[in-house]
Amino acid sequence: MQNTSDKILQAALTLMQDKGYQSVTIKEIAQHADVSEMTVFRHFKTKMGVFESAVEKFSYIPRFEKIFAEYIVWDLETDLTLIAKSYFELMNKNKSIFLIAIQERSDFPELNQAIAKNTMKLKELIIAYFTSMQERNRMKETNVEAQAIIFLTTLYGYFSSTSLWKDHFLHEWEESFLSNTIHLFCEALEK
């Protein structure tokens with residue numbers, strides 16, 4: 001059984017994905033969650049508070065922190081595959097947040113800023129990983145920030161394409177895309 005906050009968050013994300021952030025009202029969120037408007041305000045204060053709470057609640061950062069702390073084996077191909085598969089899994093799980101931010105990107109950049117915090121944290125985790133790989137003499141000396149950005153941008157590009165174009169041919173290529181991308185990264189970066 002969902003608690004009240006979760007019901008509100010789920011209702012808000014569903015409505016915002018369907019109608020856009022700006023078109024959804026607190027009243028609609030409350031009705032869809034089967035709670036009073038006052039309950040929504042008490043839990044989240046504002047509509048932006050609802051969205052920011054959803055971004056925080058469904059953040060992939062705790063999962064990635066656990067991956068980097070417990071599951072890294074210091075083999076570039078194995079680790080990058082784990083990171084990439086986890087990224088796709090978590091981004092697909094949170095696709096509604098991504099689609100809302102894309103939908104409102106020009107009119108409401110604050111939504112993207114809320115999401116960008118997670119991306120920056122993930123970039124920092126990957127930079128730290130690449131730095132450790134260099135220190136362990138398992139990766140060529142290179143600009144680790146640039147490599148982290150290239151890696152994340154590649155994953156984001158694939159995710160964005162498949163999210164925005166539901167019937168796009170790329171959906172059939174996820175496994176191949178992953179293995180080829182990781183292989184290319186490893187060929188370029190491994191010592």
# chains A, B, ... in the order shown; residues from 1 in each chain; ligands from 1

$ closest_atom_pairs --of "stretch 137-163 of chain A" --to "stretch 86-101 of chain A" --cutoff "9 Å" --atoms "only C-alpha atoms" --output "Markdown table"
| residue | atom | partner | partner_atom | distance |
| --- | --- | --- | --- | --- |
| A:Leu155 | CA | A:Phe88 | CA | 7.7 |
| A:Tyr156 | CA | A:Phe88 | CA | 8.7 |
| A:Phe159 | CA | A:Phe88 | CA | 6.8 |
| A:Ser160 | CA | A:Phe98 | CA | 8.7 |
| A:Ser163 | CA | A:Lys95 | CA | 7.4 |

$ write_last_selection --atoms "N, CA and C atoms" --output "mmCIF file, in the first residue's frame"
data_model
loop_
_atom_site.group_PDB
_atom_site.id
_atom_site.type_symbol
_atom_site.label_atom_id
_atom_site.label_comp_id
_atom_site.auth_asym_id
_atom_site.auth_seq_id
_atom_site.Cartn_x
_atom_site.Cartn_y
_atom_site.Cartn_z
ATOM 1 N N LEU A 155 25.544 7.413 -23.484
ATOM 2 C CA LEU A 155 24.424 6.691 -22.870
ATOM 3 C C LEU A 155 23.151 7.527 -22.919
ATOM 4 N N TYR A 156 23.288 8.804 -22.594
ATOM 5 C CA TYR A 156 22.125 9.698 -22.593
ATOM 6 C C TYR A 156 21.524 9.823 -23.991
ATOM 7 N N PHE A 159 19.541 6.665 -24.682
ATOM 8 C CA PHE A 159 18.320 6.670 -23.868
ATOM 9 C C PHE A 159 17.315 7.693 -24.407
ATOM 10 N N SER A 160 17.770 8.899 -24.705
ATOM 11 C CA SER A 160 16.879 9.945 -25.216
ATOM 12 C C SER A 160 16.214 9.516 -26.517
ATOM 13 N N SER A 163 13.627 6.895 -25.872
ATOM 14 C CA SER A 163 12.503 7.402 -25.076
ATOM 15 C C SER A 163 11.572 8.286 -25.906
#

$ residues_around --residues "stretch 135-137 of chain A" --least-positions-apart "5" --cutoff "10 Å" --atoms "only C-alpha atoms" --output "PyMOL selection string"
chain A and resi 74+129-130+190-191

$ write_last_selection --atoms "N, CA and C atoms" --output "CSV table (one decimal), in the first residue's frame"
chain,number,residue,atom,x,y,z
A,74,TRP,N,37.3,-3.4,-10.9
A,74,TRP,CA,38.5,-2.8,-11.5
A,74,TRP,C,38.9,-3.4,-12.8
A,129,TYR,N,36.1,7.0,-10.6
A,129,TYR,CA,36.4,5.7,-11.0
A,129,TYR,C,37.6,5.7,-12.0
A,130,PHE,N,37.5,6.5,-13.1
A,130,PHE,CA,38.5,6.6,-14.1
A,130,PHE,C,39.9,7.0,-13.4
A,190,GLU,N,42.0,1.3,-22.3
A,190,GLU,CA,42.8,0.3,-21.6
A,190,GLU,C,44.3,0.4,-21.9
A,191,LYS,N,45.1,0.1,-20.9
A,191,LYS,CA,46.5,0.0,-21.1
A,191,LYS,C,46.9,-1.3,-21.6

$ atom_distance --atom1 "atom CA of A:Ala128" --atom2 "atom CA of A:Glu56"
22.4 Å

$ closest_residue --among "A:Asp34, A:Asp18, A:Glu124, A:Glu145" --to "A:Phe68" --atoms "only C-alpha atoms"
A:Glu124

$ closest_residue --among "A:Ile115, A:Leu76, A:Val40, A:Ile182" --to "A:Ser132" --atoms "only C-alpha atoms"
A:Leu76

$ closest_residue --among "A:Lys66, A:Thr4, A:Glu110, A:Ala84" --to "A:Gln22" --atoms "only C-alpha atoms"
A:Glu110

$ closest_residue --among "A:Ala11, A:Met139, A:Leu80, A:Leu189" --to "A:Leu152" --atoms "only C-alpha atoms"
A:Leu80

$ residues_around --residues "A:Lys57" --least-positions-apart "4" --cutoff "12 Å" --atoms "only C-alpha atoms" --output "number ranges by chain"
A: 5-6, 9-10, 49-53, 61-63, 94, 97, 115, 118

$ write_last_selection --atoms "all heavy atoms" --output "tab-separated table (two decimals), in the first residue's frame"
chain	number	residue	atom	x	y	z
A	5	SER	N	2.46	10.46	0.55
A	5	SER	CA	3.45	11.15	-0.28
A	5	SER	C	3.66	10.44	-1.60
A	5	SER	O	3.73	11.07	-2.66
A	5	SER	CB	4.78	11.28	0.46
A	5	SER	OG	4.66	12.15	1.54
A	6	ASP	N	3.78	9.11	-1.55
A	6	ASP	CA	3.99	8.35	-2.77
A	6	ASP	C	2.79	8.45	-3.72
A	6	ASP	O	2.96	8.54	-4.94
A	6	ASP	CB	4.29	6.89	-2.45
A	6	ASP	CG	5.66	6.69	-1.84
A	6	ASP	OD1	6.50	7.60	-1.94
A	6	ASP	OD2	5.90	5.61	-1.25
A	9	LEU	N	3.07	11.84	-5.36
A	9	LEU	CA	4.15	11.87	-6.35
A	9	LEU	C	3.76	11.12	-7.61
A	9	LEU	O	3.98	11.61	-8.73
A	9	LEU	CB	5.44	11.27	-5.76
A	9	LEU	CG	6.12	12.08	-4.66
A	9	LEU	CD1	7.32	11.32	-4.11
A	9	LEU	CD2	6.54	13.45	-5.17
A	10	GLN	N	3.18	9.95	-7.45
A	10	GLN	CA	2.79	9.15	-8.62
A	10	GLN	C	1.71	9.86	-9.43
A	10	GLN	O	1.76	9.90	-10.66
A	10	GLN	CB	2.32	7.76	-8.18
A	10	GLN	CG	2.31	6.77	-9.31
A	10	GLN	CD	3.67	6.64	-9.98
A	10	GLN	OE1	4.67	6.39	-9.34
A	10	GLN	NE2	3.71	6.85	-11.28
A	49	GLY	N	7.90	21.80	-5.51
A	49	GLY	CA	8.30	20.93	-4.41
A	49	GLY	C	7.92	19.48	-4.68
A	49	GLY	O	8.67	18.56	-4.33
A	50	VAL	N	6.77	19.28	-5.30
A	50	VAL	CA	6.34	17.93	-5.66
A	50	VAL	C	7.32	17.34	-6.68
A	50	VAL	O	7.82	16.22	-6.51
A	50	VAL	CB	4.90	17.91	-6.25
A	50	VAL	CG1	4.54	16.53	-6.77
A	50	VAL	CG2	3.88	18.39	-5.23
A	51	PHE	N	7.63	18.12	-7.72
A	51	PHE	CA	8.53	17.62	-8.76
A	51	PHE	C	9.93	17.36	-8.20
A	51	PHE	O	10.52	16.31	-8.47
A	51	PHE	CB	8.60	18.61	-9.94
A	51	PHE	CG	9.41	18.08	-11.09
A	51	PHE	CD1	8.86	17.15	-11.96
A	51	PHE	CD2	10.71	18.49	-11.29
A	51	PHE	CE1	9.60	16.64	-13.01
A	51	PHE	CE2	11.47	17.98	-12.34
A	51	PHE	CZ	10.91	17.06	-13.20
A	52	GLU	N	10.46	18.30	-7.42
A	52	GLU	CA	11.79	18.12	-6.83
A	52	GLU	C	11.83	16.89	-5.92
A	52	GLU	O	12.83	16.17	-5.90
A	52	GLU	CB	12.23	19.37	-6.07
A	52	GLU	CG	12.58	20.53	-6.99
A	52	GLU	CD	12.84	21.83	-6.25
A	52	GLU	OE1	12.41	21.97	-5.08
A	52	GLU	OE2	13.46	22.71	-6.85
A	53	SER	N	10.77	16.66	-5.18
A	53	SER	CA	10.70	15.48	-4.32
A	53	SER	C	10.69	14.20	-5.15
A	53	SER	O	11.30	13.20	-4.76
A	53	SER	CB	9.46	15.52	-3.43
A	53	SER	OG	9.58	16.56	-2.49
A	61	ILE	N	21.20	8.15	-7.87
A	61	ILE	CA	22.49	8.32	-7.21
A	61	ILE	C	22.74	7.32	-6.07
A	61	ILE	O	23.82	6.73	-6.02
A	61	ILE	CB	22.68	9.79	-6.75
A	61	ILE	CG1	22.77	10.70	-7.98
A	61	ILE	CG2	23.91	9.95	-5.87
A	61	ILE	CD1	23.86	10.32	-8.99
A	62	PRO	N	21.80	7.08	-5.16
A	62	PRO	CA	22.09	6.08	-4.12
A	62	PRO	C	22.46	4.71	-4.70
A	62	PRO	O	23.37	4.05	-4.21
A	62	PRO	CB	20.79	6.01	-3.31
A	62	PRO	CG	20.17	7.35	-3.51
A	62	PRO	CD	20.51	7.74	-4.92
A	63	ARG	N	21.78	4.32	-5.76
A	63	ARG	CA	22.10	3.03	-6.39
A	63	ARG	C	23.50	3.06	-7.00
A	63	ARG	O	24.26	2.10	-6.86
A	63	ARG	CB	21.05	2.72	-7.45
A	63	ARG	CG	21.36	1.55	-8.32
A	63	ARG	CD	20.72	0.26	-7.82
A	63	ARG	NE	21.02	-0.84	-8.70
A	63	ARG	CZ	20.26	-1.23	-9.71
A	63	ARG	NH1	19.11	-0.63	-9.94
A	63	ARG	NH2	20.62	-2.23	-10.47
A	94	ASN	N	12.68	5.77	-14.47
A	94	ASN	CA	12.32	7.17	-14.20
A	94	ASN	C	12.03	7.96	-15.47
A	94	ASN	O	12.18	9.17	-15.50
A	94	ASN	CB	13.46	7.84	-13.42
A	94	ASN	CG	13.67	7.21	-12.08
A	94	ASN	OD1	12.72	6.87	-11.38
A	94	ASN	ND2	14.92	7.02	-11.70
A	97	ILE	N	9.96	11.30	-15.42
A	97	ILE	CA	10.64	12.53	-14.98
A	97	ILE	C	11.42	13.13	-16.14
A	97	ILE	O	11.38	14.34	-16.39
A	97	ILE	CB	11.55	12.25	-13.77
A	97	ILE	CG1	10.70	11.89	-12.55
A	97	ILE	CG2	12.44	13.45	-13.46
A	97	ILE	CD1	11.48	11.39	-11.35
A	115	ILE	N	17.10	18.03	-12.21
A	115	ILE	CA	17.61	16.76	-12.70
A	115	ILE	C	19.13	16.80	-12.89
A	115	ILE	O	19.82	15.81	-12.67
A	115	ILE	CB	16.90	16.38	-14.02
A	115	ILE	CG1	15.44	16.09	-13.72
A	115	ILE	CG2	17.56	15.19	-14.69
A	115	ILE	CD1	14.59	15.94	-14.94
A	118	ASN	N	21.67	15.29	-10.34
A	118	ASN	CA	21.96	13.85	-10.39
A	118	ASN	C	23.02	13.54	-11.44
A	118	ASN	O	23.92	12.74	-11.21
A	118	ASN	CB	20.69	13.05	-10.69
A	118	ASN	CG	19.76	13.01	-9.51
A	118	ASN	OD1	20.18	13.01	-8.36
A	118	ASN	ND2	18.48	12.97	-9.78

$ atom_distance --atom1 "atom CA of A:Asp75" --atom2 "atom CA of A:Arg138"
7.8 Å

$ select_by_dssp --residues "stretch 8-186 of chain A" --states "helix (DSSP H, G or I)" --output "PyMOL selection string"
chain A and resi 8-19+26-33+37-44+47-57+61-71+76-93+95-103+109-135+144-164+169-186

$ closest_residue --among "A:Val35, A:Phe177, A:Ala188, A:Asp79" --to "A:Lys140" --atoms "only C-alpha atoms"
A:Ala188

$ closest_residue --among "A:Leu122, A:Asn3, A:Arg42, A:Ile8" --to "A:Ala30" --atoms "only C-alpha atoms"
A:Ile8

$ atom_distance --atom1 "atom CA of A:Gln31" --atom2 "atom CA of A:Asn112"
26.3 Å

$ decode --residues "stretch 49-67 of chain A" --atoms "N, CA, C and O atoms" --output "compact mmCIF listing (two decimals), in the first residue's frame"
# COMPACT_ATOMS: atom_id res chain seq x y z
N GLY A 49 7.90 21.80 -5.51
CA GLY A 49 8.30 20.93 -4.41
C GLY A 49 7.92 19.48 -4.68
O GLY A 49 8.67 18.56 -4.33
N VAL A 50 6.77 19.28 -5.30
CA VAL A 50 6.34 17.93 -5.66
C VAL A 50 7.32 17.34 -6.68
O VAL A 50 7.82 16.22 -6.51
N PHE A 51 7.63 18.12 -7.72
CA PHE A 51 8.53 17.62 -8.76
C PHE A 51 9.93 17.36 -8.20
O PHE A 51 10.52 16.31 -8.47
N GLU A 52 10.46 18.30 -7.42
CA GLU A 52 11.79 18.12 -6.83
C GLU A 52 11.83 16.89 -5.92
O GLU A 52 12.83 16.17 -5.90
N SER A 53 10.77 16.66 -5.18
CA SER A 53 10.70 15.48 -4.32
C SER A 53 10.69 14.20 -5.15
O SER A 53 11.30 13.20 -4.76
N ALA A 54 10.01 14.23 -6.28
CA ALA A 54 10.00 13.06 -7.16
C ALA A 54 11.40 12.80 -7.70
O ALA A 54 11.87 11.66 -7.71
N VAL A 55 12.08 13.86 -8.12
CA VAL A 55 13.45 13.71 -8.63
C VAL A 55 14.34 13.12 -7.53
O VAL A 55 15.12 12.20 -7.78
N GLU A 56 14.21 13.65 -6.32
CA GLU A 56 15.03 13.15 -5.21
C GLU A 56 14.67 11.71 -4.85
O GLU A 56 15.54 10.87 -4.67
N LYS A 57 13.38 11.42 -4.75
CA LYS A 57 12.94 10.07 -4.35
C LYS A 57 13.38 9.02 -5.37
O LYS A 57 13.80 7.93 -5.01
N PHE A 58 13.28 9.36 -6.63
CA PHE A 58 13.59 8.39 -7.67
C PHE A 58 15.01 8.57 -8.22
O PHE A 58 15.34 8.04 -9.28
N SER A 59 15.84 9.29 -7.48
CA SER A 59 17.22 9.52 -7.89
C SER A 59 17.97 8.20 -8.04
O SER A 59 17.83 7.30 -7.23
N TYR A 60 18.77 8.14 -9.07
CA TYR A 60 19.60 6.95 -9.25
C TYR A 60 20.91 7.02 -8.49
O TYR A 60 21.67 6.06 -8.45
N ILE A 61 21.20 8.15 -7.87
CA ILE A 61 22.49 8.32 -7.21
C ILE A 61 22.74 7.32 -6.07
O ILE A 61 23.82 6.73 -6.02
N PRO A 62 21.80 7.08 -5.16
CA PRO A 62 22.09 6.08 -4.12
C PRO A 62 22.46 4.71 -4.70
O PRO A 62 23.37 4.05 -4.21
N ARG A 63 21.78 4.32 -5.76
CA ARG A 63 22.10 3.03 -6.39
C ARG A 63 23.50 3.06 -7.00
O ARG A 63 24.26 2.10 -6.86
N PHE A 64 23.86 4.16 -7.66
CA PHE A 64 25.19 4.26 -8.24
C PHE A 64 26.27 4.34 -7.16
O PHE A 64 27.35 3.77 -7.32
N GLU A 65 25.99 5.03 -6.07
CA GLU A 65 26.97 5.07 -4.98
C GLU A 65 27.23 3.66 -4.46
O GLU A 65 28.37 3.29 -4.18
N LYS A 66 26.19 2.87 -4.36
CA LYS A 66 26.33 1.48 -3.91
C LYS A 66 27.13 0.67 -4.95
O LYS A 66 28.01 -0.12 -4.59
N ILE A 67 26.84 0.86 -6.21
CA ILE A 67 27.56 0.15 -7.28
C ILE A 67 29.05 0.47 -7.20
O ILE A 67 29.89 -0.43 -7.22
